[in-house]
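Have a look at input-v7.cif; it's mmCIF, C-alpha atoms:
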```
data_work
#
loop_
_atom_site.label_atom_id
_atom_site.label_comp_id
_atom_site.auth_asym_id
_atom_site.auth_seq_id
_atom_site.Cartn_x
_atom_site.Cartn_y
_atom_site.Cartn_z
CA MET A 1 42.76 55.43 169.15
CA SER A 2 44.17 58.23 167.02
CA SER A 3 42.47 61.08 165.23
CA LEU A 4 44.03 62.87 162.28
CA PHE A 5 45.69 65.28 164.70
CA THR A 6 46.52 63.40 167.92
CA GLY A 7 46.77 59.95 169.44
CA THR A 8 49.16 57.18 170.41
CA GLU A 9 49.13 55.43 167.00
CA ARG A 10 49.88 58.73 165.30
CA ASP A 11 52.75 59.44 167.69
CA ARG A 12 54.16 55.95 167.23
CA LEU A 13 54.05 56.12 163.42
CA PHE A 14 55.80 59.45 163.03
CA ARG A 15 58.37 58.69 165.68
CA GLN A 16 59.17 55.46 163.81
CA LEU A 17 59.64 57.61 160.70
CA GLN A 18 62.18 59.67 162.69
CA MET A 19 60.23 62.82 161.93
CA PRO A 20 60.55 65.00 165.04
CA TRP A 21 58.64 67.85 163.37
CA TYR A 22 55.35 65.93 162.98
CA ASN A 23 54.15 68.48 165.53
CA LEU A 24 55.34 72.07 165.24
CA VAL A 25 55.98 74.81 167.78
CA PRO A 26 54.45 78.06 166.46
CA ASN A 27 56.50 81.22 166.73
CA ALA A 28 54.00 82.74 169.13
CA GLY A 29 54.26 80.11 171.85
CA VAL A 30 55.52 76.81 173.16
CA SER A 31 52.45 74.58 172.72
CA LEU A 32 52.64 71.94 170.02
CA GLU A 33 50.48 72.21 166.92
CA PRO A 34 49.81 69.16 164.71
CA TYR A 35 51.52 69.17 161.32
CA ALA A 36 51.49 65.59 159.97
CA LEU A 37 48.01 64.13 159.58
CA TYR A 38 47.39 60.52 160.62
CA HIS A 39 45.75 59.80 157.30
CA CYS A 40 46.49 58.72 153.72
CA HIS A 41 44.68 60.59 150.96
CA PRO A 42 43.96 58.40 147.90
CA VAL A 43 45.34 59.50 144.54
CA SER A 44 45.30 57.90 141.11
CA GLN A 45 48.32 56.92 139.08
CA GLN A 46 46.93 59.06 136.28
CA GLN A 47 47.00 62.18 138.48
CA ILE A 48 50.58 61.49 139.59
CA SER A 49 51.71 61.01 135.99
CA ARG A 50 49.98 64.19 134.83
CA MET A 51 51.47 66.24 137.66
CA LYS A 52 54.98 64.97 136.96
CA ASP A 53 54.61 65.71 133.26
CA ALA A 54 53.39 69.24 134.04
CA ALA A 55 56.26 69.80 136.49
CA GLU A 56 58.83 68.70 133.93
CA ARG A 57 57.39 71.14 131.38
CA VAL A 58 57.54 73.99 133.91
CA GLY A 59 61.13 73.06 134.78
CA THR A 60 62.16 73.52 131.15
CA VAL A 61 60.78 77.07 131.16
CA LEU A 62 62.41 77.97 134.48
CA SER A 63 65.77 76.49 133.47
CA HIS A 64 65.76 78.73 130.39
CA LEU A 65 64.64 81.71 132.47
CA TRP A 66 67.56 81.23 134.86
CA SER A 67 70.10 81.97 132.12
CA VAL A 68 68.02 84.95 130.97
CA ILE A 69 67.89 86.51 134.44
CA ARG A 70 71.65 86.16 134.94
CA GLY A 71 72.15 88.18 131.75
CA PHE A 72 70.08 91.13 132.98
CA ASP A 73 71.75 94.38 133.97
CA GLU A 74 71.53 95.64 137.54
CA GLU A 75 68.69 98.06 136.79
CA THR A 76 66.46 95.28 135.47
CA LEU A 77 67.22 92.99 138.41
CA LEU A 78 66.32 95.79 140.83
CA GLU A 79 63.11 96.42 138.89
CA TYR A 80 62.03 92.86 139.60
CA GLY A 81 62.72 93.16 143.31
CA PHE A 82 66.19 91.65 143.67
CA PRO A 83 68.08 93.29 146.57
CA GLU A 84 71.01 95.39 145.36
CA GLU A 85 73.37 93.42 147.62
CA THR A 86 72.68 90.22 145.71
CA VAL A 87 73.27 91.40 142.14
CA ARG A 88 76.96 90.53 141.86
CA VAL A 89 76.65 86.99 143.20
CA ILE A 90 73.57 86.25 141.08
CA LYS A 91 75.44 87.23 137.92
CA PHE A 92 78.63 85.45 139.03
CA ASP A 93 77.31 82.09 140.21
CA GLY A 94 77.28 79.88 137.13
CA LEU A 95 76.15 76.72 138.92
CA PRO A 96 72.47 76.10 138.17
CA PRO A 97 70.01 75.15 140.90
CA PHE A 98 70.07 71.52 141.94
CA CYS A 99 66.39 71.36 142.88
CA MET A 100 63.14 73.25 143.17
CA ARG A 101 59.69 72.72 144.60
CA LEU A 102 56.73 73.90 142.57
CA ASP A 103 53.45 74.74 144.29
CA TRP A 104 50.23 74.25 142.34
CA CYS A 105 46.58 75.04 142.10
CA TRP A 106 45.74 71.57 140.79
CA ASN A 107 41.97 71.48 140.64
CA GLU A 108 40.77 68.51 138.61
CA GLN A 109 37.09 69.26 139.17
CA GLU A 110 37.45 72.77 137.72
CA GLU A 111 40.16 71.71 135.25
CA VAL A 112 42.49 74.39 136.59
CA TYR A 113 46.16 73.40 136.53
CA LYS A 114 48.46 76.34 137.31
CA VAL A 115 51.85 76.56 139.00
CA ILE A 116 51.59 79.46 141.44
CA GLU A 117 55.22 79.73 142.57
CA ALA A 118 58.63 78.10 142.54
CA ASN A 119 60.52 77.56 145.80
CA VAL A 120 64.11 77.15 144.71
CA GLN A 121 66.65 78.64 147.09
CA THR A 122 65.38 77.20 150.39
CA PRO A 123 62.76 74.60 149.55
CA SER A 124 61.38 72.58 152.48
CA PHE A 125 58.98 69.60 152.34
CA TRP A 126 61.71 67.18 151.14
CA PHE A 127 61.27 64.27 153.49
CA GLU A 128 57.49 64.27 153.35
CA CYS A 129 57.38 63.95 149.57
CA LEU A 130 60.35 61.67 148.93
CA GLU A 131 60.08 59.24 151.85
CA GLY A 132 57.24 60.03 154.23
CA ASN A 133 54.40 59.53 151.75
CA ALA A 134 55.46 55.99 150.88
CA LYS A 135 55.89 54.92 154.51
CA VAL A 136 52.56 56.34 155.62
CA ALA A 137 50.88 54.74 152.58
CA GLU A 138 52.30 51.36 153.60
CA HIS A 139 51.05 51.87 157.16
CA PHE A 140 47.49 52.40 155.91
CA GLY A 141 47.61 49.60 153.34
CA PHE A 142 48.03 51.85 150.30
CA LYS A 143 50.55 51.58 147.47
CA PRO A 144 53.23 54.30 147.24
CA ALA A 145 52.25 57.04 144.82
CA GLU A 146 55.84 56.97 143.48
CA THR A 147 58.72 54.52 143.62
CA GLN A 148 62.52 54.76 143.30
CA ILE A 149 62.44 58.54 143.61
CA GLN A 150 65.15 58.81 146.25
CA SER A 151 67.72 57.70 143.64
CA VAL A 152 66.85 60.84 141.67
CA LEU A 153 67.64 62.98 144.70
CA ARG A 154 70.89 61.10 145.41
CA ASN A 155 72.11 61.51 141.84
CA SER A 156 71.15 65.19 141.75
CA ILE A 157 72.77 66.29 144.99
CA ASN A 158 76.00 64.44 144.26
CA GLN A 159 76.14 65.83 140.73
CA ALA A 160 75.73 69.30 142.26
CA ILE A 161 78.59 68.71 144.69
CA LYS A 162 80.88 67.46 141.88
CA ARG A 163 80.09 70.54 139.83
CA ALA A 164 80.78 72.73 142.86
CA ALA A 165 84.25 71.19 143.26
CA ASN A 166 84.97 71.82 139.56
CA TRP A 167 83.79 75.41 139.98
CA LEU A 168 86.36 75.84 142.75
CA GLY A 169 89.05 74.14 140.65
CA LYS A 170 89.66 71.52 143.35
CA SER A 171 89.41 67.76 143.33
CA LEU A 172 86.37 66.53 145.22
CA ASP A 173 88.39 64.47 147.70
CA ARG A 174 90.23 67.66 148.78
CA CYS A 175 87.03 69.59 149.48
CA ASN A 176 85.55 69.97 152.94
CA ILE A 177 81.78 69.67 152.57
CA ALA A 178 79.29 71.01 155.11
CA MET A 179 75.51 71.17 155.45
CA THR A 180 73.80 73.68 157.68
CA THR A 181 70.45 75.23 158.56
CA LEU A 182 68.62 76.81 161.48
CA ASP A 183 68.59 74.98 164.81
CA ASN A 184 64.99 73.79 165.00
CA PRO A 185 63.47 70.29 164.73
CA GLU A 186 62.08 70.68 161.20
CA ASP A 187 65.08 72.35 159.56
CA MET A 188 67.79 70.30 161.27
CA GLY A 189 65.77 67.11 161.03
CA THR A 190 65.31 67.61 157.31
CA MET A 191 68.96 68.51 156.78
CA ARG A 192 70.17 65.42 158.64
CA TRP A 193 67.83 63.32 156.50
CA LEU A 194 69.07 65.01 153.32
CA SER A 195 72.70 64.48 154.31
CA LYS A 196 72.34 60.69 154.06
CA PHE A 197 72.19 61.06 150.28
CA VAL A 198 75.63 62.73 150.07
CA ASN A 199 78.29 60.21 149.07
CA GLN A 200 81.33 62.21 150.22
CA PRO A 201 82.41 62.74 153.85
CA HIS A 202 80.71 65.84 155.24
CA GLN A 203 79.62 67.55 158.43
CA VAL A 204 76.15 68.71 159.48
CA PHE A 205 75.69 71.47 162.02
CA GLU A 206 73.45 74.36 163.04
CA ILE A 207 73.88 77.61 161.13
CA GLU A 208 74.30 79.39 164.44
CA GLN A 209 77.78 77.77 164.51
CA LEU A 210 78.80 79.18 161.11
CA ARG A 211 81.61 81.76 161.19
CA ILE A 212 83.80 83.76 158.80
CA LYS A 213 87.52 84.19 159.51
CA ASP A 214 88.80 87.65 158.51
CA HIS A 215 87.39 87.43 154.96
CA GLN A 216 89.62 84.36 154.46
CA TYR A 217 87.35 81.36 154.87
CA LEU A 218 84.08 80.07 156.24
CA PHE A 219 84.18 77.54 159.08
CA ASN A 220 82.23 75.59 161.66
CA GLU A 221 82.92 77.15 165.06
CA ARG A 222 83.08 73.72 166.71
CA SER A 223 85.59 72.10 164.37
CA GLY A 224 87.47 75.15 163.09
CA GLU A 225 87.79 73.53 159.64
CA ALA A 226 87.60 75.73 156.58
CA ILE A 227 84.60 74.89 154.35
CA ASP A 228 84.94 74.57 150.58
CA ILE A 229 81.44 73.44 149.61
CA LEU A 230 78.45 74.43 151.68
CA PHE A 231 74.87 73.29 151.38
CA MET A 232 72.96 75.97 153.31
CA TRP A 233 69.19 75.86 153.76
CA TYR A 234 68.82 79.55 154.58
CA PRO A 235 67.32 82.45 152.59
CA VAL A 236 69.66 84.85 150.79
CA GLU A 237 67.31 87.74 151.62
CA TRP A 238 67.95 87.00 155.32
CA ALA A 239 71.68 86.45 154.92
CA ILE A 240 72.30 89.95 153.56
CA PHE A 241 71.21 91.39 156.91
CA ASP A 242 73.05 88.95 159.19
CA ARG A 243 75.71 90.02 161.70
CA ASP A 244 78.26 88.09 163.71
CA PRO A 245 78.29 88.00 167.55
CA ASN A 246 80.30 91.23 167.51
CA GLY A 247 77.69 93.02 165.42
CA GLN A 248 79.71 93.00 162.19
CA GLU A 249 77.84 92.60 158.92
CA LEU A 250 78.65 89.25 157.30
CA TRP A 251 77.40 89.65 153.75
CA SER A 252 80.39 91.54 152.31
CA ALA A 253 82.79 88.87 153.60
CA LEU A 254 80.58 86.05 152.34
CA GLU A 255 80.23 87.72 148.95
CA GLU A 256 84.01 88.15 148.72
CA LEU A 257 84.63 84.46 149.39
CA ILE A 258 82.13 83.49 146.70
CA LEU A 259 83.46 85.94 144.10
CA LYS A 260 87.05 84.79 144.72
CA ARG A 261 85.97 81.14 144.42
CA LYS A 262 87.22 80.33 147.89
CA LEU A 263 83.78 79.00 148.69
CA VAL A 264 80.80 77.66 146.77
CA ILE A 265 77.33 77.42 148.28
CA VAL A 266 75.17 74.87 146.50
CA ASN A 267 71.72 76.11 145.47
CA PHE A 268 72.42 79.60 146.79
CA ALA A 269 72.82 82.62 144.51
CA SER A 270 71.95 80.68 141.36
CA ALA A 271 68.77 79.36 142.96
CA PHE A 272 67.99 82.81 144.35
CA ALA A 273 67.74 84.04 140.75
CA LEU A 274 64.51 82.01 140.51
CA GLN A 275 63.25 82.54 144.06
CA PRO A 276 61.39 85.88 143.89
CA LYS A 277 57.69 85.61 143.09
CA SER A 278 58.33 88.43 140.60
CA ILE A 279 59.86 86.00 138.10
CA PHE A 280 56.29 84.96 137.29
CA ALA A 281 55.59 88.60 136.46
CA LEU A 282 58.73 88.54 134.30
CA ILE A 283 57.32 85.58 132.38
CA THR A 284 54.10 87.53 131.76
CA ASP A 285 56.10 90.61 130.72
CA LEU A 286 58.30 88.67 128.30
CA GLY A 287 55.24 87.33 126.52
CA LEU A 288 54.72 84.11 124.61
CA ASP A 289 56.76 85.24 121.59
CA PHE A 290 59.90 85.33 123.74
CA PHE A 291 59.86 81.57 124.27
CA SER A 292 60.23 78.61 121.94
CA PRO A 293 56.91 77.22 120.67
CA GLU A 294 57.02 74.35 123.16
CA GLN A 295 57.88 76.63 126.09
CA ALA A 296 55.24 79.15 125.02
CA GLU A 297 52.63 76.39 125.11
CA THR A 298 53.73 75.53 128.65
CA VAL A 299 53.53 79.17 129.73
CA PHE A 300 50.05 79.50 128.21
CA ASP A 301 48.80 76.23 129.73
CA LEU A 302 50.41 76.18 133.17
CA PHE A 303 51.48 79.68 134.32
CA PRO A 304 48.97 82.17 135.76
CA LYS A 305 48.99 85.78 134.67
CA THR A 306 51.21 87.63 137.17
CA VAL A 307 51.96 91.38 137.22
CA GLN A 308 53.71 93.95 139.38
CA THR A 309 50.83 96.41 139.86
CA SER A 310 47.35 95.53 141.03
CA GLU A 311 45.80 97.92 138.47
CA GLU A 312 46.86 95.53 135.71
CA MET A 313 44.68 92.82 137.26
CA GLY A 314 41.49 94.83 137.64
CA ASP A 315 39.41 94.37 140.80
CA THR A 316 39.97 90.64 141.42
CA TYR A 317 43.40 89.11 142.14
CA PHE A 318 45.74 87.53 144.68
CA GLY A 319 48.60 89.58 146.19
CA LYS A 320 51.82 88.13 147.58
CA PRO A 321 55.17 89.59 148.71
CA VAL A 322 58.10 89.06 146.34
CA PHE A 323 59.94 87.14 149.06
CA GLY A 324 56.94 85.76 150.88
CA ARG A 325 57.00 82.42 152.71
CA GLN A 326 54.26 80.21 154.13
CA GLY A 327 51.56 82.54 152.80
CA GLU A 328 52.72 85.38 155.04
CA GLY A 329 51.55 88.82 153.97
CA CYS A 330 49.23 87.37 151.29
CA PHE A 331 45.66 88.44 150.54
CA SER A 332 42.96 87.96 147.93
CA VAL A 333 40.72 90.65 146.49
CA ILE A 334 37.32 90.04 144.90
CA ALA A 335 35.42 92.90 143.25
CA GLY A 336 37.75 95.41 144.88
CA GLU A 337 37.31 94.11 148.46
CA ILE A 338 39.72 92.00 150.50
CA SER A 339 38.22 88.53 150.65
CA ASP A 340 40.85 86.54 152.55
CA GLN A 341 44.06 87.50 154.29
CA SER A 342 46.92 85.61 155.87
CA PRO A 343 46.83 85.81 159.69
CA ASN A 344 50.51 86.83 159.65
CA GLN A 345 50.95 90.37 158.36
CA ASP A 346 54.47 90.93 159.67
CA PRO A 347 56.01 94.16 158.28
CA TRP A 348 59.00 92.11 157.05
CA TYR A 349 56.61 90.76 154.40
CA THR A 350 54.03 93.51 154.00
CA ASP A 351 56.71 96.18 153.41
CA GLN A 352 58.14 94.24 150.45
CA PHE A 353 57.33 94.72 146.80
CA TYR A 354 54.23 92.73 145.84
CA VAL A 355 53.16 90.80 142.77
CA TYR A 356 49.57 90.12 141.79
CA GLN A 357 48.28 86.90 140.24
CA GLU A 358 45.00 85.92 138.71
CA LEU A 359 42.78 84.57 141.47
CA LEU A 360 42.49 80.80 141.12
CA LYS A 361 39.95 78.40 142.59
CA PHE A 362 41.81 75.86 144.70
CA PRO A 363 40.44 72.38 145.29
CA THR A 364 39.11 71.37 148.68
CA ILE A 365 39.22 68.07 150.58
CA ASP A 366 36.89 67.01 153.38
CA LEU A 367 38.90 65.91 156.41
CA ALA A 368 37.71 65.53 160.00
CA ASN A 369 34.38 67.13 159.07
CA LYS A 370 36.19 70.18 157.74
CA GLU A 371 36.50 71.45 154.19
CA MET A 372 40.21 72.10 153.74
CA THR A 373 42.05 73.90 150.96
CA ALA A 374 44.47 71.64 149.08
CA LEU A 375 47.86 72.86 147.86
CA TRP A 376 49.84 70.38 145.76
CA SER A 377 53.62 70.43 145.38
CA THR A 378 55.94 68.73 142.90
CA TRP A 379 59.71 68.37 143.14
CA LEU A 380 62.23 68.77 140.33
CA PHE A 381 65.89 67.72 140.53
CA ASN A 382 68.72 68.70 138.20
CA ASP A 383 70.13 65.52 136.64
CA GLY A 384 73.56 67.09 136.11
CA THR A 385 72.85 68.20 132.55
CA ASP A 386 70.44 70.98 133.62
CA HIS A 387 67.39 68.94 132.80
CA PHE A 388 65.00 68.91 135.74
CA VAL A 389 63.57 65.49 136.57
CA PRO A 390 60.28 65.21 138.51
CA ALA A 391 60.45 63.10 141.67
CA GLY A 392 58.31 63.70 144.74
CA ILE A 393 54.73 64.93 145.01
CA GLY A 394 53.14 66.22 148.19
CA LEU A 395 49.89 67.58 149.53
CA ARG A 396 49.35 70.22 152.18
CA VAL A 397 45.93 71.23 153.43
CA SER A 398 44.78 74.23 155.42
CA GLU A 399 41.61 75.23 157.19
CA GLY A 400 41.79 78.69 155.62
CA LYS A 401 41.91 79.55 151.95
CA ILE A 402 45.55 80.67 152.17
CA THR A 403 48.13 77.98 152.94
CA ASP A 404 50.18 79.30 155.85
CA ASP A 405 52.44 78.16 158.68
CA TYR A 406 49.52 76.30 160.26
CA SER A 407 48.87 74.06 157.26
CA TYR A 408 49.04 70.27 157.56
CA TRP A 409 50.99 67.68 155.65
CA CYS A 410 48.49 65.19 154.25
CA PRO A 411 50.25 61.96 153.14
CA ILE A 412 49.13 60.42 149.84
CA GLY A 413 49.01 56.93 148.35
CA ILE A 414 47.28 54.78 145.77
CA ALA A 415 44.46 52.66 147.18
CA ASN A 416 44.74 48.92 146.54
#
```
For the structure just supplied, provide its representation as structure tokens.
Amino acid sequence: MSSLFTGTERDRLFRQLQMPWYNLVPNAGVSLEPYALYHCHPVSQQQISRMKDAAERVGTVLSHLWSVIRGFDEETLLEYGFPEETVRVIKFDGLPPFCMRLDWCWNEQEEVYKVIEANVQTPSFWFECLEGNAKVAEHFGFKPAETQIQSVLRNSINQAIKRAANWLGKSLDRCNIAMTTLDNPEDMGTMRWLSKFVNQPHQVFEIEQLRIKDHQYLFNERSGEAIDILFMWYPVEWAIFDRDPNGQELWSALEELILKRKLVIVNFASAFALQPKSIFALITDLGLDFFSPEQAETVFDLFPKTVQTSEEMGDTYFGKPVFGRQGEGCFSVIAGEISDQSPNQDPWYTDQFYVYQELLKFPTIDLANKEMTALWSTWLFNDGTDHFVPAGIGLRVSEGKITDDYSYWCPIGIAN
């Protein structure tokens, strides 16, 4: 027998899915923690359709905002929390993001539907939403919540690679393509899965093997081949502090290769323009009159009020670091008192600039005799014309009110 969290049937299912990260190893130790739940949560086709429609509307606003941000001067970018080191590449990189994952407070009971953040530059949760849900649904006798969505991903990533080759001024068949991320089961497992959608020959390797040769080219240490187009699942805000094995800073050399068009990194600097949580504060600051009537309606309906100082929110709000991840450094305040706080308060996050959002009531789901907080996610993929197409919806649940690194993936499907 299997429970939601353990058991032989659970192990067998997720191993058959070739998902080695169905259990995770927390940073603090070596013991395994469950991640994928042996369960299928029922959803309606109406909910899926509404979420995809909402995601597409949000994508239109963010696509417009991307061009606005790239036109800002350095002072304005710094005001919204962008590191000074990133300014030149943000303004230079004219290739729009190829994808983004939107996270939602989607509470049907309370009729609250707000996108709380966009994860653009290093979005995880690909496999679970675009393949895992359907396979788990089939296992439990459910219908897939979505169909034919992997073709959207395939088209998008290959369009992005073609545009990258054009940006370099090289024919695609003369470009060496590489895909890299950190050497851990989740990141490398996801990257290997993602790589099967790339039509051109390419290599996949751990980012620990990535090297720069005398400001001349980027290469895989194992093969020695110069890389033209790189898909790198790794945060820009980490990359600016990286050093090589000899202790030399790498950012200046990487920036030089990008600015000289010797290298293009897909979904890197352009996506980073939309990554900070402060862009939601920018949307609030710009106001509804800045946007077209249709976009203004989307902002009013689907974006929460977000500001850069807590005083603007009064005594009740939610605080998050500008470059927060997995809920780290987050907290909620009710009537001037901290109500909930992420268990991880690492100074890397707590020392950052913060933004403050209206405090939203998230839905809950009863699982294993526990009331869990539900965080919904929707995927958007650039179709090659800078229109973002919705494909892939996912659900994560957490025992606390803040979704963090200990949250679970809860597969979804439509009950027969």
- Item | Exercise: A:Gly314 partners within 10 Å, all atoms listed in the file, chain neighbours under 4 positions left out, as a ChimeraX atom specification | /A:309-310,333-336,358
Report as a tab-separated table: every residue of stretch 252-327 of chain A with an atom at most 7 Å from stretch 64-86 of chain A, its closest pair of atoms, and their distance in Å to one decimal, counting all atoms listed in the file, with rows sorted by chain and ascending residue number.
```
residue	atom	partner	partner_atom	distance
A:Ala273	CA	A:Trp66	CA	6.5
A:Leu274	CA	A:Trp66	CA	6.5
A:Ser278	CA	A:Tyr80	CA	5.9
A:Val322	CA	A:Gly81	CA	6.9
```
- Query: Which of these, A:Glu117, A:Leu254, A:Ile227, A:Asn166, has the shortest distance to A:Phe241 once you count all atoms listed in the file?
  - Reply: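 Smallest separation from A:Phe241 among the options: A:Leu254.
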- Interatomic distance between atom CA of A:Gly224 and atom CA of A:Leu95? 26.7 Å
- Message: I need the residue nearest A:Ile412 from this list: A:Tyr38, A:Phe362, A:Tyr234, A:Trp167. Use all atoms listed in the file for the distance.
- Response: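 Looking only at the distances to A:Ile412, the closest residue turns out to be A:Tyr38.
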- Which residues fall under the PyMOL selection byres ((chain A and resi 229) around 6) in this file, as a ChimeraX atom specification? /A:177,227-228,230,264-265
Taking all atoms of stretch 362-381 of chain A that the file lists and extending 3 Å past them on each side, where is the centre of the axis-aligned box and how long are its edges? Answer in Å to one decimal, as AutoDock Vina command-line options.
```
--center_x 50.1 --center_y 70.7 --center_z 150.2 --size_x 37.5 --size_y 16.3 --size_z 25.7
```
- Message: I'd like the residues picked by the PyMOL selection byres ((chain A and resi 10) around 12) written out as an MDAnalysis selection string, using the chain letters and numbers from the file.
- Response: chainID A and resid 1:9 11:17 19 22:23 34:39 136 139:140
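Contact shell of stretch 243-251 of chain A at 9 Å (all atoms listed in the file; same-chain neighbours under 3 positions omitted): Glu85, Arg211, Ile212, Ala239, Ile240, Leu254, Glu255 and Glu256 of chain A.
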- Task: Name all residues at most 9 Å from A:Pro411 (count all atoms listed in the file; drop same-chain ones fewer than 3 positions away) and give them as a list in words.
- Result: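 Skipping anything fewer than 3 positions along the chain leaves Ala36, Leu37, Tyr38, His39, Cys40, His41, Pro42, Glu128, Cys129, Gly132, Asn133, Ala134, Val136, Ala137, Gly394, Leu395 and Arg396 of chain A.
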- Message: Expand the PyMOL selection byres ((chain A and resi 182-196) around 7) into the explicit residue set it covers here, and present it as a PyMOL selection string.
- Response: chain A and resi 20-21+127+181+197-198+204+206-208
